[in-house]
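Shown below: entry_2.csv, with CSV, C-alpha atoms.
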```
chain,number,residue,atom,x,y,z
S,279,MET,CA,78.3,133.2,142.6
S,280,GLU,CA,78.6,133.5,146.3
S,281,PRO,CA,78.4,130.1,148.2
S,282,ILE,CA,75.3,129.4,150.2
S,283,LEU,CA,77.5,128.4,153.1
S,284,SER,CA,81.1,129.5,153.9
S,285,VAL,CA,82.9,128.2,157.0
S,286,GLU,CA,86.1,130.0,157.7
S,287,HIS,CA,88.8,128.8,160.2
S,288,LEU,CA,86.1,127.6,162.6
S,289,ARG,CA,87.1,126.4,166.0
S,290,ARG,CA,85.1,125.1,168.9
S,291,ASP,CA,86.9,124.3,172.1
S,292,TYR,CA,85.7,122.7,175.3
S,293,GLY,CA,87.3,122.6,178.7
S,294,GLY,CA,89.4,125.0,180.7
S,295,ARG,CA,92.9,125.9,181.6
S,296,GLY,CA,95.3,123.0,181.2
S,297,SER,CA,92.6,120.7,179.6
S,298,VAL,CA,91.2,122.0,176.3
S,299,THR,CA,89.6,119.8,173.7
S,300,HIS,CA,89.5,121.1,170.2
S,301,ALA,CA,86.2,119.5,169.1
S,302,VAL,CA,86.4,121.6,165.8
S,303,ASP,CA,89.9,122.6,164.9
S,304,ASP,CA,90.4,125.3,162.2
S,305,VAL,CA,87.8,124.0,159.7
S,306,SER,CA,87.2,125.8,156.4
S,307,PHE,CA,85.0,124.8,153.5
S,308,SER,CA,82.1,126.1,151.4
S,309,VAL,CA,78.8,124.7,150.0
S,310,GLU,CA,77.5,126.0,146.7
S,311,ARG,CA,73.8,126.5,146.0
S,312,GLY,CA,72.2,123.2,145.0
S,313,GLU,CA,74.9,120.9,146.5
S,314,PHE,CA,74.2,117.8,148.6
S,315,VAL,CA,77.2,117.6,150.9
S,316,GLY,CA,77.9,114.9,153.6
S,317,ILE,CA,80.1,115.1,156.7
S,318,MET,CA,81.5,111.8,157.9
S,319,GLY,CA,83.9,110.8,160.7
S,320,ALA,CA,84.2,108.5,163.6
S,321,SER,CA,82.5,109.1,166.9
S,322,GLY,CA,84.2,112.1,168.5
S,323,SER,CA,85.5,113.5,165.3
S,324,GLY,CA,83.6,116.7,165.6
S,325,LYS,CA,81.0,116.3,162.9
S,326,SER,CA,77.9,116.9,165.1
S,327,THR,CA,79.7,119.8,166.9
S,328,LEU,CA,80.4,121.3,163.5
S,329,LEU,CA,76.8,121.0,162.3
S,330,ASN,CA,75.5,122.4,165.6
S,331,CYS,CA,77.7,125.5,165.1
S,332,ILE,CA,76.4,125.9,161.6
S,333,ALA,CA,72.9,125.4,162.9
S,334,THR,CA,73.5,128.2,165.5
S,335,ILE,CA,72.7,125.7,168.2
S,336,ASP,CA,76.3,125.9,169.5
S,337,THR,CA,78.6,129.0,169.6
S,338,PRO,CA,82.0,128.8,167.9
S,339,THR,CA,85.1,129.7,169.9
S,340,ALA,CA,86.6,131.3,166.8
S,341,GLY,CA,86.1,131.7,163.1
S,342,HIS,CA,83.1,132.7,161.0
S,343,ILE,CA,80.1,131.0,159.4
S,344,ARG,CA,78.4,132.9,156.6
S,345,VAL,CA,75.1,131.8,155.1
S,346,GLU,CA,74.2,133.7,151.9
S,347,GLY,CA,76.9,136.2,152.8
S,348,GLN,CA,75.5,136.9,156.3
S,349,ASP,CA,77.9,136.3,159.2
S,350,VAL,CA,75.7,134.3,161.5
S,351,THR,CA,78.4,134.2,164.2
S,352,ALA,CA,77.7,137.9,164.7
S,353,LEU,CA,73.9,137.5,165.2
S,354,LYS,CA,72.3,137.5,168.6
S,355,GLY,CA,68.9,137.5,170.3
S,356,ARG,CA,65.9,138.1,168.0
S,357,SER,CA,68.1,138.5,164.9
S,358,LEU,CA,69.5,135.1,165.4
S,359,SER,CA,66.1,133.5,166.1
S,360,ARG,CA,64.7,135.1,163.0
S,361,PHE,CA,67.6,133.9,160.9
S,362,ARG,CA,67.3,130.4,162.2
S,363,ARG,CA,63.6,130.3,161.6
S,364,GLU,CA,63.7,131.8,158.1
S,365,ARG,CA,66.9,130.7,156.5
S,366,LEU,CA,67.6,127.2,157.9
S,367,GLY,CA,65.7,123.9,157.8
S,368,PHE,CA,66.4,121.1,160.3
S,369,VAL,CA,66.0,117.3,160.1
S,370,PHE,CA,67.3,115.5,163.2
S,371,GLN,CA,67.4,111.8,164.1
S,372,ASP,CA,64.6,112.0,166.6
S,373,CYS,CA,62.2,114.0,164.2
S,374,ASN,CA,61.2,116.4,167.0
S,375,LEU,CA,57.5,116.3,165.9
S,376,LEU,CA,54.9,117.6,168.3
S,377,ASP,CA,52.9,114.6,169.4
S,378,THR,CA,49.6,116.6,169.9
S,379,LEU,CA,49.6,117.8,166.3
S,380,THR,CA,48.8,115.9,163.1
S,381,ALA,CA,51.4,115.7,160.3
S,382,PHE,CA,49.6,118.5,158.5
S,383,GLU,CA,49.7,120.7,161.6
S,384,ASN,CA,53.4,119.9,162.3
S,385,ILE,CA,54.3,120.9,158.7
S,386,ALA,CA,52.1,123.9,158.7
S,387,LEU,CA,53.5,125.2,162.0
S,388,ALA,CA,56.6,126.3,160.3
S,389,LEU,CA,54.6,128.5,157.9
S,390,THR,CA,52.3,129.8,160.7
S,391,ILE,CA,55.3,131.0,162.7
S,392,ARG,CA,56.6,132.9,159.7
S,393,GLY,CA,53.2,134.6,159.3
S,394,THR,CA,52.3,133.0,156.0
S,395,PRO,CA,48.7,133.9,155.0
S,396,ALA,CA,46.2,131.2,156.0
S,397,GLY,CA,44.9,130.9,152.5
S,398,GLU,CA,48.3,129.7,151.2
S,399,ILE,CA,49.1,127.2,153.9
S,400,GLU,CA,47.0,124.2,152.8
S,401,GLY,CA,48.2,124.2,149.2
S,402,ARG,CA,51.9,124.5,150.2
S,403,VAL,CA,51.6,121.7,152.8
S,404,LYS,CA,49.9,119.4,150.3
S,405,GLU,CA,52.5,120.2,147.6
S,406,THR,CA,55.4,119.5,150.0
S,407,ALA,CA,53.7,116.3,151.3
S,408,GLU,CA,53.4,115.0,147.8
S,409,LEU,CA,57.1,115.6,147.1
S,410,LEU,CA,57.9,113.5,150.1
S,411,GLY,CA,55.3,110.8,149.6
S,412,ILE,CA,53.3,111.4,152.8
S,413,THR,CA,49.9,112.7,151.5
S,414,ASP,CA,48.2,109.7,153.1
S,415,CYS,CA,49.7,110.7,156.5
S,416,LEU,CA,48.6,114.3,156.8
S,417,ASN,CA,45.7,113.6,159.2
S,418,LYS,CA,47.7,111.1,161.3
S,419,TYR,CA,49.4,111.9,164.6
S,420,PRO,CA,53.1,111.0,165.0
S,421,TYR,CA,52.3,107.9,167.1
S,422,GLN,CA,50.1,106.6,164.2
S,423,MET,CA,52.9,106.8,161.7
S,424,SER,CA,55.9,104.6,160.9
S,425,GLY,CA,59.4,105.8,161.7
S,426,GLY,CA,60.0,106.6,158.0
S,427,GLN,CA,56.8,108.5,157.7
S,428,ARG,CA,57.7,110.6,160.8
S,429,GLN,CA,61.1,111.4,159.4
S,430,ARG,CA,59.7,112.4,156.0
S,431,THR,CA,57.2,114.6,157.8
S,432,ALA,CA,60.1,116.2,159.6
S,433,ALA,CA,61.8,116.7,156.2
S,434,ALA,CA,58.7,118.3,154.8
S,435,ARG,CA,58.6,120.7,157.8
S,436,ALA,CA,62.3,121.5,157.1
S,437,ILE,CA,61.9,122.4,153.4
S,438,ILE,CA,58.4,124.0,153.3
S,439,THR,CA,59.8,127.5,154.1
S,440,ASP,CA,62.3,127.2,151.3
S,441,PRO,CA,65.3,127.7,153.5
S,442,ALA,CA,68.7,128.6,152.1
S,443,LEU,CA,70.2,125.5,153.7
S,444,VAL,CA,68.8,122.2,155.0
S,445,LEU,CA,70.8,120.7,157.9
S,446,ALA,CA,70.4,117.0,158.5
S,447,ASP,CA,71.9,115.2,161.6
S,448,GLU,CA,71.9,111.4,161.2
S,449,PRO,CA,68.5,111.6,159.5
S,450,THR,CA,68.4,107.8,159.0
S,451,GLY,CA,69.9,106.9,162.3
S,452,ALA,CA,66.6,105.7,163.8
S,453,LEU,CA,65.8,103.7,160.6
S,454,ASP,CA,68.9,101.6,160.1
S,455,SER,CA,68.6,97.8,159.6
S,456,ARG,CA,70.2,96.9,162.9
S,457,GLY,CA,67.5,98.7,164.7
S,458,ILE,CA,64.3,97.6,163.0
S,459,GLY,CA,65.0,95.1,160.3
S,460,ALA,CA,64.3,95.2,156.5
S,461,ALA,CA,61.5,97.7,157.0
S,462,GLY,CA,64.1,100.1,158.4
S,463,CYS,CA,66.3,99.7,155.4
S,464,ALA,CA,63.3,100.4,153.1
S,465,SER,CA,62.3,103.5,155.1
S,466,ALA,CA,65.8,104.8,155.1
S,467,LYS,CA,66.2,104.3,151.3
S,468,LEU,CA,62.9,106.0,150.7
S,469,LEU,CA,63.8,109.0,152.8
S,470,LEU,CA,67.2,109.3,151.0
S,471,ASP,CA,65.6,108.9,147.6
S,472,ARG,CA,63.3,111.9,148.5
S,473,PHE,CA,66.3,113.9,149.7
S,474,GLU,CA,68.1,113.2,146.4
S,475,ALA,CA,65.1,114.2,144.4
S,476,LEU,CA,64.6,117.4,146.4
S,477,ASN,CA,68.2,118.3,145.8
S,478,ARG,CA,68.2,117.4,142.1
S,479,GLU,CA,65.0,119.4,141.4
S,480,GLY,CA,66.6,122.5,143.0
S,481,ARG,CA,64.3,122.6,146.1
S,482,ALA,CA,67.1,122.0,148.7
S,483,THR,CA,70.8,122.6,149.4
S,484,ILE,CA,71.6,119.9,151.9
S,485,LEU,CA,74.4,119.5,154.5
S,486,MET,CA,74.1,116.1,156.2
S,487,VAL,CA,76.0,114.5,159.0
S,488,THR,CA,76.1,110.7,158.9
S,489,HIS,CA,78.2,107.8,160.2
S,490,ASP,CA,76.7,105.5,157.5
S,491,ALA,CA,78.4,104.8,154.2
S,492,PHE,CA,75.1,103.8,152.4
S,493,THR,CA,73.5,107.1,153.5
S,494,ALA,CA,76.6,109.1,152.5
S,495,SER,CA,76.6,107.5,149.0
S,496,TYR,CA,73.5,109.7,148.2
S,497,CYS,CA,75.6,112.9,148.6
S,498,ARG,CA,77.5,114.5,145.7
S,499,ARG,CA,80.5,115.4,147.9
S,500,ILE,CA,81.7,114.2,151.3
S,501,LEU,CA,84.0,115.8,153.9
S,502,PHE,CA,85.8,113.4,156.2
S,503,LEU,CA,86.6,114.8,159.7
S,504,GLN,CA,89.2,113.4,162.1
S,505,ASP,CA,90.1,115.0,165.4
S,506,GLY,CA,88.0,118.0,164.6
S,507,ALA,CA,89.7,118.8,161.3
S,508,VAL,CA,88.8,118.1,157.6
S,509,LEU,CA,91.2,115.3,156.6
S,510,THR,CA,90.1,114.7,153.0
S,511,GLN,CA,87.0,114.9,150.8
S,512,LEU,CA,85.4,112.8,148.0
S,513,GLU,CA,83.4,114.0,145.0
S,514,ARG,CA,81.0,111.6,143.4
S,515,GLY,CA,81.3,113.1,139.9
S,516,GLY,CA,79.8,110.9,137.2
S,517,GLN,CA,80.2,107.6,139.0
S,518,SER,CA,77.3,105.4,140.1
S,519,ARG,CA,76.1,105.5,143.7
S,520,ARG,CA,77.3,101.9,144.1
S,521,ALA,CA,80.8,102.9,143.0
S,522,PHE,CA,80.8,105.9,145.2
S,523,PHE,CA,79.8,103.7,148.2
S,524,GLN,CA,82.8,101.5,147.6
S,525,GLN,CA,85.0,104.6,147.4
S,526,ILE,CA,83.6,105.8,150.7
S,527,ILE,CA,84.3,102.4,152.4
S,528,GLY,CA,87.9,102.7,151.1
S,529,VAL,CA,88.4,106.1,152.8
S,530,VAL,CA,86.8,104.9,156.0
S,531,THR,CA,89.1,101.9,156.1
S,532,ARG,CA,92.2,104.0,155.4
S,533,LEU,CA,91.1,106.3,158.3
S,534,GLY,CA,91.0,103.3,160.6
S,535,GLY,CA,87.2,103.1,160.9
S,536,ASP,CA,85.3,100.0,161.7
S,537,GLN,CA,83.3,99.1,158.6
S,538,SER,CA,80.6,97.6,160.7
S,539,ASP,CA,79.8,101.1,162.0
S,540,VAL,CA,79.3,102.5,158.5
S,541,LEU,CA,77.5,99.8,156.6
```

Using structure tokens, write down the structure from this file.
Amino acid sequence: MEPILSVEHLRRDYGGRGSVTHAVDDVSFSVERGEFVGIMGASGSGKSTLLNCIATIDTPTAGHIRVEGQDVTALKGRSLSRFRRERLGFVFQDCNLLDTLTAFENIALALTIRGTPAGEIEGRVKETAELLGITDCLNKYPYQMSGGQRQRTAAARAIITDPALVLADEPTGALDSRGIGAAGCASAKLLLDRFEALNREGRATILMVTHDAFTASYCRRILFLQDGAVLTQLERGGQSRRAFFQQIIGVVTRLGGDQSDVL
């Protein structure tokens, strides 16, 4: 079976003559349908640049990115916009919800843009909201919701169109315990539990960038980047999440990372 995502010899350079930075340096990997893959690395390792290229937000200098066999690096204009809208789902650290719309309207917007018949929208929004535990938030505006509720609303918006691939960039970054205490930990865990369930039940293939070892321990496989290149990877296999977490910490330590940045 063809991979959902295939990245082939990807490179993204910045700078000009005499001063070129290889933010992504000859990266190749694939993601199979139904996988939950994490990308980790120190600040400046290239993980967000890599995700942005896959998300078609940034343009690679060289190489190819294929999603369901389609070379997205060759798409331009309306074809690219349509592909991004129909085949990718996005969950970012800052949620990117529209403040003037309720949670229901924010989630439904993705379907409206795609031209989904009005009669189908309410049922699909409610079904997706139930999966993410936010049915009681549907009539609230973003400012009336907690950080965790906003992030789960963003996740609902990302998956409601049944995209080929969900791309998550530091989805728990605004929820970590250093920022907002124990409630932040609980919100982050709840979001990750929902991600894990969505992946396990076959609703989402997820590629997630994170700096946080606890967040990464929910993945089934992790790619570690250093200086723009894939240095190594870990697979969870049959081990517990706690054991996988310890293995992740071990790799981060060997790579010279500061554990305080990933706990």

Using all atoms listed in the file, can you tell me which of S:Arg344, S:Arg499, S:Arg532, S:Arg514 comes closest to Val315 (chain S)?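 Closest to Val315 (chain S) of all the choices is S:Arg499.
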
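Each of S:Asp414, S:Ala320, S:Thr334, S:Leu328 was compared to Gly355 (chain S) using only C-alpha atoms, and S:Thr334 turns out to be the nearest.
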
Find the residue from S:Glu364, S:Glu408, S:Asp377, S:Glu479 that sits nearest to Gly312 (chain S); use all atoms listed in the file when measuring.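 Checking each candidate against Gly312 (chain S), we get S:Glu479 as the closest.
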
Determine, counting only C-alpha atoms, which protein, DNA and RNA residues have an atom within 12 Å of an atom of Gly480 (chain S); residues of the same chain fewer than 3 positions away are not included. Present the result as an NGL selection string. :S and (311-314 or 437 or 440-443 or 473-477 or 483-484)

Separation of CA of Ile317 (chain S) from CA of Leu329 (chain S) in Å: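 Separating CA of Leu329 (chain S) from CA of Ile317 (chain S) is a distance of 8.8 Å.
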
Shell of 12 Å around Glu405 (chain S), all atoms listed in the file, local chain residues under 5 positions omitted, as a VMD selection string: chain S and resid 382 385 to 386 398 to 400 410 to 413 416 434 to 435 437 to 438

Taking all atoms listed in the file into account, which of S:Val350, S:Leu533, S:Leu409, S:Ala381 comes nearest Ser424 (chain S)?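 That would be S:Ala381, the residue with the smallest distance to Ser424 (chain S).
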
Would you pick out the contacts of Glu383 (chain S) at 10 Å or less, using only C-alpha atoms, so that residues sharing its chain but fewer than 5 positions from it are not included, and give the list as a PyMOL selection string? chain S and resi 375-376+378+388-390+400+403+416-419+435

Which of these, S:Gln429, S:Thr337, S:Thr327, S:Ser308, has the shortest distance to Val285 (chain S) once you count all atoms listed in the file?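 Nearest candidate to Val285 (chain S) out of S:Gln429, S:Thr337, S:Thr327, S:Ser308: S:Ser308.
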
Measuring atom to atom with all atoms listed in the file, identify which of S:Gln348, S:Ser359, S:Thr299, S:Gln524 is nearest to Glu280 (chain S).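 Closest to Glu280 (chain S), using all atoms listed in the file: S:Gln348.
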
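What separates CA of Arg428 (chain S) from CA of Gly367 (chain S) is a distance of 15.8 Å.
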
Dig up all the protein and nucleic acid residues within 12 Å of (78.5, 135.2, 143.8) in the file frame, using all atoms listed in the file, and format them as an NGL selection string. :S and (279-284 or 310-311 or 346-347)

Point-to-point distance in Å for CA of Gly322 (chain S) and CA of Ala301 (chain S): 7.7 Å
